[in-house]
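Dropping model-v6.tsv in here (TSV, C-alpha atoms):
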```
chain	number	residue	atom	x	y	z
A	201	MET	CA	-35.12	-49.95	8.81
A	202	GLY	CA	-33.73	-47.64	11.46
A	203	ALA	CA	-30.43	-47.50	13.29
A	204	ARG	CA	-29.81	-50.08	16.00
A	205	LEU	CA	-28.11	-49.36	19.27
A	206	LEU	CA	-25.20	-51.70	20.05
A	207	GLY	CA	-24.11	-50.06	23.22
A	208	PRO	CA	-24.70	-46.92	25.17
A	209	LEU	CA	-23.03	-44.63	22.53
A	210	ARG	CA	-22.63	-46.73	19.41
A	211	VAL	CA	-25.11	-46.61	16.56
A	212	VAL	CA	-24.96	-49.04	13.63
A	213	GLY	CA	-26.29	-47.96	10.25
A	214	HIS	CA	-25.96	-44.24	10.97
A	215	ARG	CA	-24.27	-42.42	8.09
A	216	GLY	CA	-22.79	-38.93	8.39
A	217	PHE	CA	-19.73	-36.96	9.32
A	218	THR	CA	-18.60	-36.12	12.79
A	219	LEU	CA	-17.74	-32.58	13.74
A	220	ILE	CA	-14.05	-33.51	13.79
A	221	GLU	CA	-14.22	-34.93	10.24
A	222	ILE	CA	-15.95	-31.79	8.98
A	223	GLY	CA	-13.28	-29.66	10.67
A	224	ILE	CA	-10.48	-31.65	9.03
A	225	ILE	CA	-12.11	-31.39	5.59
A	226	THR	CA	-12.57	-27.64	6.06
A	227	ALA	CA	-8.93	-27.23	7.08
A	228	VAL	CA	-7.69	-29.22	4.06
A	229	ILE	CA	-9.86	-27.16	1.69
A	230	GLY	CA	-8.56	-23.96	3.32
A	231	VAL	CA	-4.93	-25.01	2.91
A	232	MET	CA	-5.49	-25.99	-0.72
A	233	ALA	CA	-7.26	-22.67	-1.44
A	234	THR	CA	-4.40	-20.72	0.14
A	235	ILE	CA	-1.77	-22.57	-1.91
A	236	THR	CA	-3.78	-22.02	-5.09
A	237	LEU	CA	-4.17	-18.30	-4.36
A	238	LEU	CA	-0.44	-17.89	-3.67
A	239	LEU	CA	0.47	-19.69	-6.91
A	240	TYR	CA	-2.02	-17.58	-8.86
A	241	ASN	CA	-0.64	-14.32	-7.38
A	242	ASP	CA	2.93	-15.39	-8.22
A	243	TYR	CA	1.92	-16.29	-11.78
A	244	THR	CA	0.07	-12.98	-12.20
A	245	TYR	CA	3.05	-10.98	-10.90
A	246	LYS	CA	5.45	-12.77	-13.27
A	247	ALA	CA	3.10	-12.08	-16.18
A	248	GLN	CA	2.92	-8.39	-15.24
A	249	VAL	CA	6.73	-8.16	-15.04
A	250	ALA	CA	7.03	-9.85	-18.45
A	251	ARG	CA	4.55	-7.37	-19.91
A	252	ALA	CA	6.50	-4.44	-18.44
A	253	GLN	CA	9.73	-5.83	-19.91
A	254	ALA	CA	8.09	-6.12	-23.34
A	255	ASP	CA	6.68	-2.58	-23.03
A	256	ILE	CA	10.13	-1.20	-22.21
A	257	ALA	CA	11.62	-3.01	-25.21
A	258	ILE	CA	8.93	-1.50	-27.46
A	259	ILE	CA	9.43	1.99	-26.03
A	260	GLU	CA	13.17	1.56	-26.48
A	261	MET	CA	12.65	0.77	-30.18
A	262	GLU	CA	10.36	3.78	-30.57
A	263	ILE	CA	13.02	6.00	-28.94
A	264	ALA	CA	15.65	4.60	-31.35
A	265	THR	CA	13.34	5.31	-34.30
A	266	PHE	CA	12.74	8.86	-33.06
A	267	GLU	CA	16.48	9.37	-32.60
A	268	GLY	CA	17.17	8.08	-36.13
A	269	LEU	CA	14.63	10.46	-37.66
A	270	ASN	CA	15.37	13.54	-35.53
A	271	LEU	CA	19.07	13.04	-34.71
A	272	ARG	CA	18.32	13.50	-31.02
A	273	LEU	CA	16.61	11.63	-28.20
A	274	PRO	CA	13.06	12.65	-27.29
A	275	ASN	CA	12.82	15.09	-24.38
A	276	ASP	CA	9.99	13.06	-22.87
A	277	LEU	CA	7.78	10.09	-23.72
A	278	GLY	CA	5.11	12.45	-25.05
A	279	GLU	CA	7.25	13.07	-28.13
A	280	ILE	CA	6.86	9.41	-29.13
A	281	GLY	CA	3.18	9.29	-28.19
A	282	ARG	CA	3.68	7.49	-24.87
A	283	ALA	CA	2.94	10.27	-22.37
A	284	THR	CA	-0.05	8.46	-20.90
A	285	PHE	CA	1.18	4.89	-21.41
A	286	LEU	CA	0.77	2.98	-18.13
A	287	ASP	CA	2.50	-0.11	-16.80
A	288	PRO	CA	0.54	-3.19	-15.62
A	289	TRP	CA	0.09	-1.57	-12.17
A	290	GLY	CA	-1.32	1.69	-13.53
A	291	ASN	CA	1.84	3.80	-13.13
A	292	PRO	CA	3.40	5.79	-15.98
A	293	TYR	CA	6.72	4.63	-17.39
A	294	GLN	CA	9.63	6.81	-16.31
A	295	TYR	CA	12.02	8.33	-18.85
A	296	LEU	CA	14.99	10.60	-18.27
A	297	ASN	CA	16.97	12.02	-21.20
A	298	PHE	CA	20.46	12.84	-19.89
A	299	ALA	CA	21.05	15.44	-22.64
A	300	VAL	CA	18.16	17.46	-21.19
A	301	SER	CA	18.49	16.85	-17.45
A	302	GLY	CA	22.03	15.59	-16.97
A	303	GLN	CA	22.85	12.49	-14.96
A	304	GLN	CA	22.33	13.88	-11.46
A	305	HIS	CA	18.96	12.07	-11.08
A	306	CYS	CA	19.75	8.96	-13.10
A	307	ARG	CA	19.37	5.36	-11.90
A	308	LYS	CA	22.51	4.02	-10.23
A	309	ASP	CA	23.94	0.57	-9.51
A	310	HIS	CA	25.33	-0.72	-6.21
A	311	ALA	CA	28.55	1.31	-6.70
A	312	LEU	CA	26.43	4.42	-7.48
A	313	HIS	CA	27.50	4.44	-11.14
A	314	PRO	CA	24.84	5.36	-13.74
A	315	LEU	CA	23.09	2.35	-15.30
A	316	ASN	CA	23.02	3.95	-18.76
A	317	ALA	CA	25.03	6.51	-20.72
A	318	ASP	CA	22.17	7.95	-22.82
A	319	TYR	CA	18.84	7.78	-20.98
A	320	ASP	CA	16.97	5.95	-18.25
A	321	LEU	CA	13.75	4.09	-18.97
A	322	TYR	CA	11.99	2.13	-16.24
A	323	ARG	CA	8.74	1.45	-14.48
A	324	MET	CA	8.30	1.85	-10.78
A	325	GLY	CA	7.46	-1.28	-8.85
A	326	ARG	CA	3.96	-2.40	-8.05
A	327	ASP	CA	4.21	-0.33	-4.86
A	328	GLY	CA	4.63	2.82	-7.02
A	329	ARG	CA	7.83	3.83	-5.19
A	330	SER	CA	11.37	4.04	-6.45
A	331	GLN	CA	14.78	5.44	-5.53
A	332	GLU	CA	17.72	6.38	-7.76
A	333	PRO	CA	20.02	3.62	-6.49
A	334	ILE	CA	18.49	0.33	-7.55
A	335	THR	CA	19.85	-1.32	-4.40
A	336	SER	CA	17.24	0.58	-2.39
A	337	HIS	CA	14.37	-1.53	-1.06
A	338	ASP	CA	11.88	0.69	-2.93
A	339	SER	CA	13.64	-0.04	-6.25
A	340	GLN	CA	14.03	-3.81	-6.07
A	341	ASP	CA	10.69	-4.45	-7.80
A	342	ASP	CA	11.32	-1.90	-10.59
A	343	VAL	CA	11.69	-3.12	-14.17
A	344	ILE	CA	14.70	-1.25	-15.51
A	345	ARG	CA	16.69	-0.70	-18.68
A	346	ALA	CA	20.44	-0.93	-17.95
A	347	ASN	CA	23.76	-1.15	-19.81
A	348	ASP	CA	22.30	1.04	-22.57
A	349	GLY	CA	19.58	-1.50	-23.30
A	350	GLN	CA	21.58	-4.71	-22.95
A	351	PHE	CA	19.60	-5.55	-19.80
A	352	VAL	CA	15.85	-5.16	-19.30
A	353	GLY	CA	14.44	-6.80	-16.20
A	354	LEU	CA	13.85	-6.57	-12.47
A	355	ALA	CA	16.30	-4.36	-10.62
A	356	ALA	CA	16.68	-7.16	-8.07
A	357	ASN	CA	18.12	-9.36	-10.86
A	358	TYR	CA	20.64	-6.80	-12.11
```
Can you dump the structure from the file as structure tokens?
Amino acid sequence: MGARLLGPLRVVGHRGFTLIEIGIITAVIGVMATITLLLYNDYTYKAQVARAQADIAIIEMEIATFEGLNLRLPNDLGEIGRATFLDPWGNPYQYLNFAVSGQQHCRKDHALHPLNADYDLYRMGRDGRSQEPITSHDSQDDVIRANDGQFVGLAANY
């Protein structure tokens, strides 16, 4: 049984999609894929930040252990075996012992006061760039240690 013509352009019994229907379906699938990708990227970024926060907390404990055993802070992360330890974006963690270098290059808050009294420990953002004042655009995605360890999180949230 074939299709019957009812008029000059109308076919009965013909099954299929029009070009407009296919275009609409393609657009809907594209929008759904974009939303899914954005949600996945956001979830991945939050997981990477959480991992960096946990890493900083672990390094902080290792520094405290080193300080308890040696009665001084380590000069660098190599002294606690973390010289090549990388953050989730492949950048090394940054450590600055004020007893060795002073506070002239320490991380600073919006009023340009040092974030810590003993040492700075942070990871540069996923862009790999950072500035001393955490209010700088380059520093907003950094995970920082502040208030002598009472805060560990994104610089944008401090």
Using only C-alpha atoms, which residues sit within 12 Å of Tyr295 (chain A) once same-chain residues fewer than 6 positions away are excluded, as a ChimeraX atom specification? /A:256,259-260,263,273-280,282-283,285,301,305-307,316,318-324,344-345
Generate the output file for the selected residues, C-alpha atoms, as a PDB file, in the frame of the given file.
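The resulting file, again-v3.pdb, is reproduced below:
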```
ATOM      1  CA  ILE A 256      10.130  -1.200 -22.210  1.00  0.00           C
ATOM      2  CA  ILE A 259       9.430   1.990 -26.030  1.00  0.00           C
ATOM      3  CA  GLU A 260      13.170   1.560 -26.480  1.00  0.00           C
ATOM      4  CA  ILE A 263      13.020   6.000 -28.940  1.00  0.00           C
ATOM      5  CA  LEU A 273      16.610  11.630 -28.200  1.00  0.00           C
ATOM      6  CA  PRO A 274      13.060  12.650 -27.290  1.00  0.00           C
ATOM      7  CA  ASN A 275      12.820  15.090 -24.380  1.00  0.00           C
ATOM      8  CA  ASP A 276       9.990  13.060 -22.870  1.00  0.00           C
ATOM      9  CA  LEU A 277       7.780  10.090 -23.720  1.00  0.00           C
ATOM     10  CA  GLY A 278       5.110  12.450 -25.050  1.00  0.00           C
ATOM     11  CA  GLU A 279       7.250  13.070 -28.130  1.00  0.00           C
ATOM     12  CA  ILE A 280       6.860   9.410 -29.130  1.00  0.00           C
ATOM     13  CA  ARG A 282       3.680   7.490 -24.870  1.00  0.00           C
ATOM     14  CA  ALA A 283       2.940  10.270 -22.370  1.00  0.00           C
ATOM     15  CA  PHE A 285       1.180   4.890 -21.410  1.00  0.00           C
ATOM     16  CA  SER A 301      18.490  16.850 -17.450  1.00  0.00           C
ATOM     17  CA  HIS A 305      18.960  12.070 -11.080  1.00  0.00           C
ATOM     18  CA  CYS A 306      19.750   8.960 -13.100  1.00  0.00           C
ATOM     19  CA  ARG A 307      19.370   5.360 -11.900  1.00  0.00           C
ATOM     20  CA  ASN A 316      23.020   3.950 -18.760  1.00  0.00           C
ATOM     21  CA  ASP A 318      22.170   7.950 -22.820  1.00  0.00           C
ATOM     22  CA  TYR A 319      18.840   7.780 -20.980  1.00  0.00           C
ATOM     23  CA  ASP A 320      16.970   5.950 -18.250  1.00  0.00           C
ATOM     24  CA  LEU A 321      13.750   4.090 -18.970  1.00  0.00           C
ATOM     25  CA  TYR A 322      11.990   2.130 -16.240  1.00  0.00           C
ATOM     26  CA  ARG A 323       8.740   1.450 -14.480  1.00  0.00           C
ATOM     27  CA  MET A 324       8.300   1.850 -10.780  1.00  0.00           C
ATOM     28  CA  ILE A 344      14.700  -1.250 -15.510  1.00  0.00           C
ATOM     29  CA  ARG A 345      16.690  -0.700 -18.680  1.00  0.00           C
TER      30      ARG A 345
END
```
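Taking CA of Glu267 (chain A) and CA of Ala317 (chain A) as the two end points, the separation is 14.9 Å.
For the choices A:Ile229, A:Leu315, A:Val249, A:Leu296, the atom-to-atom distance to Phe351 (chain A) is smallest for A:Leu315 when using all atoms listed in the file.
Rounded to one decimal, CA of Gly223 (chain A) and CA of Ile235 (chain A) lie 18.5 Å from each other.
Atom pair CA of Leu271 (chain A) / CA of Asn297 (chain A): separated by 13.7 Å.
In terms of minimum interatomic distance to His337 (chain A), A:Ala355 ranks closest within A:Ala355, A:Leu312, A:Ala227, A:Ile220, counting only C-alpha atoms.
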Please, can region 229-241 of chain A be completed to N, CA and C atoms and returned as a PDB file, in the frame of the given file?
```pdb
ATOM      1  N   ILE A 229      -9.379 -28.043   2.767  1.00  0.00           N
ATOM      2  CA  ILE A 229      -9.860 -27.160   1.690  1.00  0.00           C
ATOM      3  C   ILE A 229      -9.253 -25.774   1.848  1.00  0.00           C
ATOM      4  N   GLY A 230      -9.156 -25.270   3.069  1.00  0.00           N
ATOM      5  CA  GLY A 230      -8.560 -23.960   3.320  1.00  0.00           C
ATOM      6  C   GLY A 230      -7.102 -23.907   2.929  1.00  0.00           C
ATOM      7  N   VAL A 231      -6.345 -24.949   3.274  1.00  0.00           N
ATOM      8  CA  VAL A 231      -4.930 -25.010   2.910  1.00  0.00           C
ATOM      9  C   VAL A 231      -4.772 -25.067   1.400  1.00  0.00           C
ATOM     10  N   MET A 232      -5.574 -25.876   0.737  1.00  0.00           N
ATOM     11  CA  MET A 232      -5.490 -25.990  -0.720  1.00  0.00           C
ATOM     12  C   MET A 232      -5.856 -24.661  -1.390  1.00  0.00           C
ATOM     13  N   ALA A 233      -6.858 -23.964  -0.877  1.00  0.00           N
ATOM     14  CA  ALA A 233      -7.260 -22.670  -1.440  1.00  0.00           C
ATOM     15  C   ALA A 233      -6.147 -21.640  -1.255  1.00  0.00           C
ATOM     16  N   THR A 234      -5.494 -21.653  -0.117  1.00  0.00           N
ATOM     17  CA  THR A 234      -4.400 -20.720   0.140  1.00  0.00           C
ATOM     18  C   THR A 234      -3.236 -20.967  -0.807  1.00  0.00           C
ATOM     19  N   ILE A 235      -2.865 -22.220  -0.992  1.00  0.00           N
ATOM     20  CA  ILE A 235      -1.770 -22.570  -1.910  1.00  0.00           C
ATOM     21  C   ILE A 235      -2.118 -22.142  -3.330  1.00  0.00           C
ATOM     22  N   THR A 236      -3.343 -22.398  -3.747  1.00  0.00           N
ATOM     23  CA  THR A 236      -3.780 -22.020  -5.090  1.00  0.00           C
ATOM     24  C   THR A 236      -3.728 -20.507  -5.273  1.00  0.00           C
ATOM     25  N   LEU A 237      -4.181 -19.760  -4.277  1.00  0.00           N
ATOM     26  CA  LEU A 237      -4.170 -18.300  -4.360  1.00  0.00           C
ATOM     27  C   LEU A 237      -2.742 -17.766  -4.433  1.00  0.00           C
ATOM     28  N   LEU A 238      -1.832 -18.320  -3.642  1.00  0.00           N
ATOM     29  CA  LEU A 238      -0.440 -17.890  -3.670  1.00  0.00           C
ATOM     30  C   LEU A 238       0.197 -18.171  -5.035  1.00  0.00           C
ATOM     31  N   LEU A 239      -0.065 -19.350  -5.590  1.00  0.00           N
ATOM     32  CA  LEU A 239       0.470 -19.690  -6.910  1.00  0.00           C
ATOM     33  C   LEU A 239      -0.094 -18.771  -7.978  1.00  0.00           C
ATOM     34  N   TYR A 240      -1.375 -18.469  -7.888  1.00  0.00           N
ATOM     35  CA  TYR A 240      -2.020 -17.580  -8.860  1.00  0.00           C
ATOM     36  C   TYR A 240      -1.414 -16.172  -8.770  1.00  0.00           C
ATOM     37  N   ASN A 241      -1.228 -15.654  -7.545  1.00  0.00           N
ATOM     38  CA  ASN A 241      -0.640 -14.320  -7.380  1.00  0.00           C
ATOM     39  C   ASN A 241       0.783 -14.276  -7.928  1.00  0.00           C
TER      40      ASN A 241
END
```
